Protein chains: 2
Amino acid sequence: MKAVRVHELAGPQNLVLDTIPVPAIADDEVLVRVRAAAMNHRDIFITQGLYPQIRLPVTLGSDGAGEVAAIGSRVSGVAEGDRVVIDPMLGWGDDPRVWDAQAANILGMPHDGTFAQYVAVPAANVYPKPHALSMEDAAAIPLAGLTAYRATFTRGGLKPDETILITGIGGGVQTFVLLFAKHVGARAIVTSSSDAKLERAKALGADVALNYAATPEWHKALRADGPIDLVVDSTGGETLGKALEAVRPGGRIAVYGRTTGDATLKLFSLFWKHVTILGTSMGSPWDFRAMLELFEQGLRPVVDRVYPMADAATAAQRLADAEQFGKIVLRIE
Amino acid sequence: MKAVRVHELAGPQNLVLDTIPVPAIADDEVLVRVRAAAMNHRDIFITQGLYPQIRLPVTLGSDGAGEVAAIGSRVSGVAEGDRVVIDPMLGWGDDPRVWDAQAANILGMPHDGTFAQYVAVPAANVYPKPHALSMEDAAAIPLAGLTAYRATFTRGGLKPDETILITGIGGGVQTFVLLFAKHVGARAIVTSSSDAKLERAKALGADVALNYAATPEWHKALRADGPIDLVVDSTGGETLGKALEAVRPGGRIAVYGRTTGDATLKLFSLFWKHVTILGTSMGSPWDFRAMLELFEQGLRPVVDRVYPMADAATAAQRLADAEQFGKIVLRIE
């Protein structure tokens with residue numbers, strides 16, 4: 001079968017289209033004939049050697065949708081031909097509050113991932129594809145949608161009458177956060193350094209869109225704009241410090257990344273304002289199921305571009321350059 | 001009446017015993033004949049000019065217990081002669097989750113406080129003194145007990161089968177946290193740089209007592225000792241960073257102070273471990289009522305020393321030097 005693989009830690013340009021054997025499946029696994037996959041920053045970081053314990057060569061890819069092609073001997077409730085979307089969170093465990101830190105890992109390293117014609121995954125990790133969505137739309141959802149759902153609802157507790165601040169709109173997760181927030185009726189404020197991305201966000205329903213490069217004191221500017229109940233951030237650094245100033249007394253900040261580095265926080269603001277900071281990463285099986293339900297209600301993910309599998313390196317470079325708005329999808333033929 | 005007052009921002013040695021008029025009460029207030037008061041770091045910080053908008057001269061003191069001496073014309077449910085303890089949290093508001101940031105303030109600046117023979121307070125802020133406690137014990141409770149209760153339970157959510165880490169035992173609030181944690185049956189780990197304080201904490205039920213000065217890598221040492229569900233910290237700085245490393249995946253950290261400064265946090269640990277950081281300060285009327293209930297169940301506060309009112313400056317210096325274990329009380333005669 002064809003698979004997009006990493007052989008050396010030399011950046012996204014070194015993704016290689018290989019021909020390798022179709023994977024064998026264990027008793028509790030299914031084999032999925034992948035029809036579409038989607039890229040995540042995780043894939044880029046792996047090509048750059050930014051993850052611990054990288055094992056090479058490996059087939060990348062956490063996100064995928066396709067049809068069940070074979071089922072393990074102990075699998076029930078799944079049939080060959082089922083059209084499915086894959087939950088990339090492996091080994092979460094039994095506690096909805098937190099993953100099993102020993103067992104948890106993510107599809108697409110060390111387990112061979114979805115950038116291949118076939119992928120072997122635990123049967124518990126395949127869910128019926130939302131009916132109204134194409135394979136490409138469905139493949140755009142899993143990792144980013146799951147992370148966004150948990151940050152926004154399970155951890156962030158967003159309610160319909162609240163205001164959410166989404167820092168740095170345009171990436172996969174933050175775009176899902178915006179979709180989800182508007183879907184439940186919340187008021188959404190977005191920031192970006194790109195006016196083009198801010199326009200896209202407005203078209204998706206963002207109520208306020210602010211260019212943080214043009215307004216470095218955005219955290220003060222936003223205070224005049226009404227209370228912010230929840231911030232969802234993956235920037236870290238100075239942005240997280242400003243978010244702490246911007247959020248209302250009693251407000252929450254959900255944090256799932258640190259693209260600009262660690263943060264020095266003014267603790268006085270934290271305790272005097274009774275703020276809650278919620279670390280979150282990926283999501284549980286319960287989160288995944290609840291998240292898919294939103295897509296049965298008519299929601300559609302934002303797909304930036306669809307590339308053929310052979311152009312994976314080009315697609316990855318677009319993501320590495322942060323040029324996308326929404327998800328970058330690979331068509332697996 | 002006699003009152004301990006601040007006339008200039010020159011440190012705790014400059015507390016002065018004045019004679020001033022007995023305060024008038026508003027329609028919704030009661031006048032309390034104070035029998036005992038207790039000191040807090042807040043009082044020291046005010047003498048040092050470390051609070052914003054200090055108005056001088058002022059009678060210090062947030063904690064007090066005594067008898068109701070007069071009641072305002074619109075007050076019901078309180079009678080002259082009632083033995084009461086005072087909730088120093090003024091103007092919390094209607095939301096149990098967070099105070100009204102515009103209205104909230106603390107008794108003892110700008111409002112004249114409890115280091116006086118009489119204090120005027122809103123009738124809603126006096127509660128029946130726990131029956132088994134002396135006036136001196138009751139006076140030791142309010143600000144520190146309230147802060148500790150909210151940090152431990154309302155925000156921290158401590159459960160009987162959990163383990164709590166209390167960083168820097170010895171201060172008023174942390175000593176209450178230890179009392180409360182052991183009262184509900186939780187396992188308690190304490191740290192201090194003083195072996196004497198660690199011994200005192202063990203006598204109060206601490207299960208593990210670790211000298212952080214002798215073991216600078218205490219956060220790693222504690223990992224071998226089983227999972228830590230909740231940390232309660234008011235140190236900030238490096239200690240908070242280490243607490244984030246020490247707490248279990250899915251654990252919580254309640255923060256109510258920053259005595260060593262702001263903190264630079266490793267955000268990867270925050271989100272990868274799904275940790276929750278809970279800022280908290282003082283507590284609501286509902287917290288205060290629930291906290292007092294623990295003292296009806298037989299709990300007693302830890303009183304370090306009792307000083308006569310005339311020795312307030314000496315008492316304050318002991319607190320400023322962090323020599324105390326538990327609360328420093330003033331007898332108001």
# chains A, B, ... in the order shown; residues from 1 in each chain; ligands from 1
call {"tool": "interface_residues", "arguments": {"of": "chain B", "to": "chain A", "cutoff": "8 Å", "atoms": "only C-alpha atoms", "output": "ChimeraX atom specification"}}
result
/B:97-99,101,236,249-250,255-258,261-268,270-281
call {"tool": "write_last_selection", "arguments": {"atoms": "N, CA and C atoms", "output": "compact mmCIF listing (two decimals), in the first residue's frame"}}
result
# COMPACT_ATOMS: atom_id res chain seq x y z
N ARG B 97 -19.61 32.23 43.18
CA ARG B 97 -18.39 31.88 42.45
C ARG B 97 -17.32 32.95 42.53
N VAL B 98 -17.73 34.19 42.69
CA VAL B 98 -16.73 35.27 42.69
C VAL B 98 -17.33 36.51 43.34
N TRP B 99 -16.45 37.28 43.99
CA TRP B 99 -16.95 38.50 44.62
C TRP B 99 -17.28 39.56 43.58
N ALA B 101 -16.32 42.59 42.17
CA ALA B 101 -15.00 43.24 42.16
C ALA B 101 -15.09 44.73 42.45
N GLY B 236 3.90 31.14 45.53
CA GLY B 236 4.14 31.57 44.15
C GLY B 236 5.56 31.24 43.72
N PRO B 249 -1.36 13.93 37.37
CA PRO B 249 -2.19 14.24 36.21
C PRO B 249 -3.64 14.39 36.64
N GLY B 250 -4.29 15.44 36.15
CA GLY B 250 -5.67 15.71 36.55
C GLY B 250 -5.79 16.40 37.89
N VAL B 255 -4.37 28.67 44.50
CA VAL B 255 -3.38 29.72 44.73
C VAL B 255 -4.07 30.93 45.35
N TYR B 256 -3.60 31.35 46.53
CA TYR B 256 -4.22 32.51 47.17
C TYR B 256 -3.20 33.58 47.54
N GLY B 257 -1.95 33.44 47.09
CA GLY B 257 -0.94 34.45 47.41
C GLY B 257 0.29 34.27 46.56
N ARG B 258 1.26 35.14 46.77
CA ARG B 258 2.49 35.13 45.97
C ARG B 258 3.62 35.74 46.79
N GLY B 261 6.73 36.09 44.86
CA GLY B 261 6.67 36.73 43.55
C GLY B 261 5.88 35.94 42.53
N ASP B 262 5.87 36.44 41.31
CA ASP B 262 5.13 35.80 40.23
C ASP B 262 5.81 34.51 39.80
N ALA B 263 5.10 33.75 38.98
CA ALA B 263 5.60 32.42 38.62
C ALA B 263 5.69 32.26 37.12
N THR B 264 6.79 31.65 36.68
CA THR B 264 6.89 31.22 35.29
C THR B 264 6.54 29.74 35.26
N LEU B 265 5.48 29.41 34.54
CA LEU B 265 4.96 28.05 34.56
C LEU B 265 5.32 27.31 33.28
N LYS B 266 5.68 26.04 33.45
CA LYS B 266 5.90 25.17 32.30
C LYS B 266 4.54 24.76 31.76
N LEU B 267 4.12 25.40 30.70
CA LEU B 267 2.76 25.16 30.22
C LEU B 267 2.58 23.73 29.72
N PHE B 268 3.66 23.11 29.25
CA PHE B 268 3.52 21.73 28.81
C PHE B 268 3.00 20.86 29.95
N LEU B 270 1.25 21.86 32.45
CA LEU B 270 -0.14 22.26 32.71
C LEU B 270 -1.11 21.52 31.79
N PHE B 271 -0.85 21.55 30.49
CA PHE B 271 -1.86 20.98 29.59
C PHE B 271 -1.69 19.49 29.40
N TRP B 272 -0.46 19.02 29.42
CA TRP B 272 -0.26 17.58 29.20
C TRP B 272 -0.81 16.78 30.39
N LYS B 273 -0.73 17.36 31.57
CA LYS B 273 -1.25 16.70 32.77
C LYS B 273 -2.69 17.11 33.10
N HIS B 274 -3.28 17.94 32.26
CA HIS B 274 -4.68 18.37 32.50
C HIS B 274 -4.85 18.94 33.91
N VAL B 275 -3.88 19.75 34.32
CA VAL B 275 -3.93 20.35 35.66
C VAL B 275 -4.86 21.57 35.66
N THR B 276 -5.51 21.81 36.78
CA THR B 276 -6.35 22.99 36.97
C THR B 276 -5.73 23.88 38.04
N ILE B 277 -5.53 25.17 37.71
CA ILE B 277 -5.02 26.14 38.67
C ILE B 277 -6.16 27.07 39.06
N LEU B 278 -6.41 27.15 40.37
CA LEU B 278 -7.59 27.83 40.88
C LEU B 278 -7.18 29.04 41.71
N GLY B 279 -7.34 30.24 41.15
CA GLY B 279 -7.09 31.44 41.93
C GLY B 279 -8.20 31.64 42.94
N THR B 280 -7.84 32.04 44.15
CA THR B 280 -8.86 32.23 45.18
C THR B 280 -8.38 33.27 46.17
N SER B 281 -9.32 33.98 46.76
CA SER B 281 -8.99 35.03 47.70
C SER B 281 -10.17 35.21 48.64
call {"tool": "closest_atom_pairs", "arguments": {"of": "stretch 12-71 of chain B", "to": "stretch 109-128 of chain B", "cutoff": "6 Å", "atoms": "only C-alpha atoms", "output": "CSV"}}
result
residue,atom,partner,partner_atom,distance
B:Ile25,CA,B:Ala120,CA,5.8
B:Asp28,CA,B:Pro122,CA,5.8
B:Glu29,CA,B:Pro122,CA,4.0
B:Val30,CA,B:Ala123,CA,5.3
B:Leu31,CA,B:Ala120,CA,4.6
B:Val32,CA,B:Val119,CA,5.4
B:Arg33,CA,B:Tyr118,CA,4.6
B:Val34,CA,B:Gln117,CA,5.2
B:Val58,CA,B:Asp112,CA,5.7
B:Thr59,CA,B:Asp112,CA,4.7
B:Leu60,CA,B:Gly113,CA,4.9
B:Gly61,CA,B:Gly113,CA,4.5
B:Ser62,CA,B:Gly113,CA,5.7
B:Gly64,CA,B:Thr114,CA,5.5
call {"tool": "residues_around", "arguments": {"residues": "A:Lys242", "least_positions_apart": "2", "cutoff": "10 Å", "atoms": "only C-alpha atoms", "output": "number ranges by chain"}}
result
A: 216-220, 236-240, 244-247, 265-266
call {"tool": "select_by_dssp", "arguments": {"residues": "stretch 63-201 of chain A", "states": "strand (DSSP E)", "output": "MDAnalysis selection string"}}
result
chainID A and resid 63:71 83:86 89:90 105:106 118:122 126:128 163:166 187:192
call {"tool": "write_last_selection", "arguments": {"atoms": "C-alpha atoms", "output": "compact mmCIF listing (two decimals), in the first residue's frame"}}
result
# COMPACT_ATOMS: atom_id res chain seq x y z
CA ASP A 63 -6.87 12.16 11.51
CA GLY A 64 -8.65 9.85 9.12
CA ALA A 65 -11.96 8.69 7.73
CA GLY A 66 -12.73 5.71 5.52
CA GLU A 67 -14.36 2.30 5.39
CA VAL A 68 -13.77 -0.69 7.61
CA ALA A 69 -11.90 -3.26 5.50
CA ALA A 70 -11.31 -6.03 8.06
CA ILE A 71 -12.15 -6.71 11.70
CA ARG A 83 -18.02 4.27 6.99
CA VAL A 84 -16.11 5.55 9.99
CA VAL A 85 -14.12 8.38 11.44
CA ILE A 86 -11.19 7.55 13.72
CA MET A 89 -6.67 9.27 21.19
CA LEU A 90 -5.36 5.80 22.11
CA ASN A 105 -0.75 8.08 23.19
CA ILE A 106 -1.84 9.48 19.87
CA TYR A 118 -4.82 1.34 5.34
CA VAL A 119 -4.48 1.89 9.06
CA ALA A 120 -4.96 -0.57 11.96
CA VAL A 121 -6.72 0.95 14.99
CA PRO A 122 -8.53 -0.37 18.08
CA VAL A 126 -13.86 4.03 15.20
CA TYR A 127 -17.18 5.88 15.19
CA PRO A 128 -19.85 6.17 12.50
CA THR A 163 -18.50 35.42 25.80
CA ILE A 164 -15.43 33.49 24.65
CA LEU A 165 -12.09 34.94 23.55
CA ILE A 166 -10.28 32.78 20.98
CA ARG A 187 -20.59 35.50 21.79
CA ALA A 188 -17.13 35.05 20.24
CA ILE A 189 -14.16 37.39 20.13
CA VAL A 190 -11.21 36.38 17.95
CA THR A 191 -7.70 37.76 17.52
CA SER A 192 -5.14 37.30 14.77
call {"tool": "select_by_dssp", "arguments": {"residues": "stretch 87-172 of chain A", "states": "helix (DSSP H, G or I)", "output": "list of chain:residue names"}}
result
A:Ala123, A:Ala124, A:Asn125, A:Met135, A:Glu136, A:Asp137, A:Ala138, A:Ala139, A:Pro142, A:Leu143, A:Ala144, A:Gly145, A:Leu146, A:Thr147, A:Ala148, A:Tyr149, A:Arg150, A:Ala151, A:Thr152, A:Phe153, A:Thr154, A:Arg155, A:Gly172
call {"tool": "write_last_selection", "arguments": {"atoms": "C-alpha atoms", "output": "mmCIF file, in the first residue's frame"}}
result
data_model
loop_
_atom_site.group_PDB
_atom_site.id
_atom_site.type_symbol
_atom_site.label_atom_id
_atom_site.label_comp_id
_atom_site.auth_asym_id
_atom_site.auth_seq_id
_atom_site.Cartn_x
_atom_site.Cartn_y
_atom_site.Cartn_z
ATOM 1 C CA ALA A 123 -12.168 -1.063 17.234
ATOM 2 C CA ALA A 124 -13.150 1.199 20.143
ATOM 3 C CA ASN A 125 -11.607 4.126 18.260
ATOM 4 C CA MET A 135 -14.987 11.708 3.812
ATOM 5 C CA GLU A 136 -12.818 14.799 3.474
ATOM 6 C CA ASP A 137 -14.931 16.810 5.901
ATOM 7 C CA ALA A 138 -15.041 13.922 8.372
ATOM 8 C CA ALA A 139 -11.264 13.465 8.211
ATOM 9 C CA PRO A 142 -10.825 14.249 14.857
ATOM 10 C CA LEU A 143 -7.750 15.611 16.647
ATOM 11 C CA ALA A 144 -8.515 19.316 16.360
ATOM 12 C CA GLY A 145 -12.245 18.901 16.948
ATOM 13 C CA LEU A 146 -11.652 16.699 19.987
ATOM 14 C CA THR A 147 -9.112 19.120 21.474
ATOM 15 C CA ALA A 148 -11.430 22.052 20.805
ATOM 16 C CA TYR A 149 -14.476 20.300 22.267
ATOM 17 C CA ARG A 150 -12.747 19.434 25.515
ATOM 18 C CA ALA A 151 -11.152 22.883 25.864
ATOM 19 C CA THR A 152 -14.420 24.686 25.131
ATOM 20 C CA PHE A 153 -16.985 22.570 26.949
ATOM 21 C CA THR A 154 -15.647 19.748 29.126
ATOM 22 C CA ARG A 155 -12.909 21.884 30.647
ATOM 23 C CA GLY A 172 -7.351 23.921 13.197
#
call {"tool": "residues_around", "arguments": {"residues": "B:Val306", "least_positions_apart": "2", "cutoff": "9 Å", "atoms": "only C-alpha atoms", "output": "ChimeraX atom specification"}}
result
/B:38,136,303-304,308,315,327-331
call {"tool": "closest_residue", "arguments": {"among": "B:Gly171, B:Met39, B:Asp27, B:Leu50", "to": "B:Ala140", "atoms": "only C-alpha atoms"}}
result
B:Met39
call {"tool": "atom_distance", "arguments": {"atom1": "atom CA of A:Thr167", "atom2": "atom CA of A:Ile228"}}
result
12.2 Å
call {"tool": "residues_around", "arguments": {"residues": "A:Phe180", "least_positions_apart": "3", "cutoff": "10 Å", "atoms": "only C-alpha atoms", "output": "list in words"}}
result
Gly145, Ala148, Tyr149, Thr152, Phe153, Leu158, Gln174, Thr175, Phe176, Val177, His183, Val184, Gly185, Ala186, Met291, Leu294, Phe295, Leu299 and Pro301 of chain A
call {"tool": "write_last_selection", "arguments": {"atoms": "N, CA and C atoms", "output": "PDB file, in the first residue's frame"}}
result
ATOM      1  N   GLY A 145     -10.887  18.785  16.417  1.00  0.00           N
ATOM      2  CA  GLY A 145     -12.245  18.901  16.948  1.00  0.00           C
ATOM      3  C   GLY A 145     -12.328  18.397  18.378  1.00  0.00           C
ATOM      4  N   ALA A 148     -10.598  20.850  20.678  1.00  0.00           N
ATOM      5  CA  ALA A 148     -11.430  22.052  20.805  1.00  0.00           C
ATOM      6  C   ALA A 148     -12.655  21.786  21.674  1.00  0.00           C
ATOM      7  N   TYR A 149     -13.273  20.609  21.490  1.00  0.00           N
ATOM      8  CA  TYR A 149     -14.476  20.300  22.267  1.00  0.00           C
ATOM      9  C   TYR A 149     -14.165  20.258  23.753  1.00  0.00           C
ATOM     10  N   THR A 152     -13.291  23.747  25.122  1.00  0.00           N
ATOM     11  CA  THR A 152     -14.420  24.686  25.131  1.00  0.00           C
ATOM     12  C   THR A 152     -15.496  24.282  26.132  1.00  0.00           C
ATOM     13  N   PHE A 153     -15.832  23.009  26.158  1.00  0.00           N
ATOM     14  CA  PHE A 153     -16.985  22.570  26.949  1.00  0.00           C
ATOM     15  C   PHE A 153     -16.589  21.767  28.190  1.00  0.00           C
ATOM     16  N   LEU A 158     -18.130  26.340  28.574  1.00  0.00           N
ATOM     17  CA  LEU A 158     -18.801  27.451  27.884  1.00  0.00           C
ATOM     18  C   LEU A 158     -20.318  27.279  27.878  1.00  0.00           C
ATOM     19  N   GLN A 174      -8.471  26.213  16.985  1.00  0.00           N
ATOM     20  CA  GLN A 174      -9.170  27.466  17.290  1.00  0.00           C
ATOM     21  C   GLN A 174     -10.354  27.685  16.348  1.00  0.00           C
ATOM     22  N   THR A 175     -10.245  27.219  15.117  1.00  0.00           N
ATOM     23  CA  THR A 175     -11.367  27.356  14.193  1.00  0.00           C
ATOM     24  C   THR A 175     -12.545  26.494  14.652  1.00  0.00           C
ATOM     25  N   PHE A 176     -12.239  25.276  15.151  1.00  0.00           N
ATOM     26  CA  PHE A 176     -13.315  24.463  15.729  1.00  0.00           C
ATOM     27  C   PHE A 176     -13.912  25.136  16.971  1.00  0.00           C
ATOM     28  N   VAL A 177     -13.060  25.744  17.796  1.00  0.00           N
ATOM     29  CA  VAL A 177     -13.586  26.429  18.989  1.00  0.00           C
ATOM     30  C   VAL A 177     -14.600  27.494  18.562  1.00  0.00           C
ATOM     31  N   HIS A 183     -22.103  27.701  17.460  1.00  0.00           N
ATOM     32  CA  HIS A 183     -23.153  26.681  17.369  1.00  0.00           C
ATOM     33  C   HIS A 183     -24.040  26.683  18.610  1.00  0.00           C
ATOM     34  N   VAL A 184     -23.446  26.902  19.785  1.00  0.00           N
ATOM     35  CA  VAL A 184     -24.261  26.911  21.012  1.00  0.00           C
ATOM     36  C   VAL A 184     -24.776  28.320  21.333  1.00  0.00           C
ATOM     37  N   GLY A 185     -24.433  29.301  20.525  1.00  0.00           N
ATOM     38  CA  GLY A 185     -25.013  30.623  20.712  1.00  0.00           C
ATOM     39  C   GLY A 185     -24.196  31.587  21.545  1.00  0.00           C
ATOM     40  N   ALA A 186     -22.968  31.236  21.877  1.00  0.00           N
ATOM     41  CA  ALA A 186     -22.131  32.143  22.667  1.00  0.00           C
ATOM     42  C   ALA A 186     -21.635  33.303  21.795  1.00  0.00           C
ATOM     43  N   MET A 291     -18.670  15.379  20.756  1.00  0.00           N
ATOM     44  CA  MET A 291     -18.220  16.291  19.706  1.00  0.00           C
ATOM     45  C   MET A 291     -18.809  15.886  18.354  1.00  0.00           C
ATOM     46  N   LEU A 294     -22.326  17.067  17.504  1.00  0.00           N
ATOM     47  CA  LEU A 294     -22.509  18.422  16.964  1.00  0.00           C
ATOM     48  C   LEU A 294     -22.525  18.393  15.442  1.00  0.00           C
ATOM     49  N   PHE A 295     -21.754  17.461  14.858  1.00  0.00           N
ATOM     50  CA  PHE A 295     -21.693  17.385  13.401  1.00  0.00           C
ATOM     51  C   PHE A 295     -22.892  16.638  12.824  1.00  0.00           C
ATOM     52  N   LEU A 299     -23.454  20.903  11.798  1.00  0.00           N
ATOM     53  CA  LEU A 299     -22.192  21.643  11.763  1.00  0.00           C
ATOM     54  C   LEU A 299     -21.268  21.033  10.705  1.00  0.00           C
ATOM     55  N   PRO A 301     -17.046  21.193   9.386  1.00  0.00           N
ATOM     56  CA  PRO A 301     -15.714  21.736   9.667  1.00  0.00           C
ATOM     57  C   PRO A 301     -15.269  22.683   8.556  1.00  0.00           C
TER      58      PRO A 301
END
call {"tool": "atom_distance", "arguments": {"atom1": "atom CA of A:Ile141", "atom2": "atom CA of A:Leu292"}}
result
8.5 Å
call {"tool": "atom_distance", "arguments": {"atom1": "atom CA of B:Ser76", "atom2": "atom CA of B:Arg35"}}
result
22.8 Å
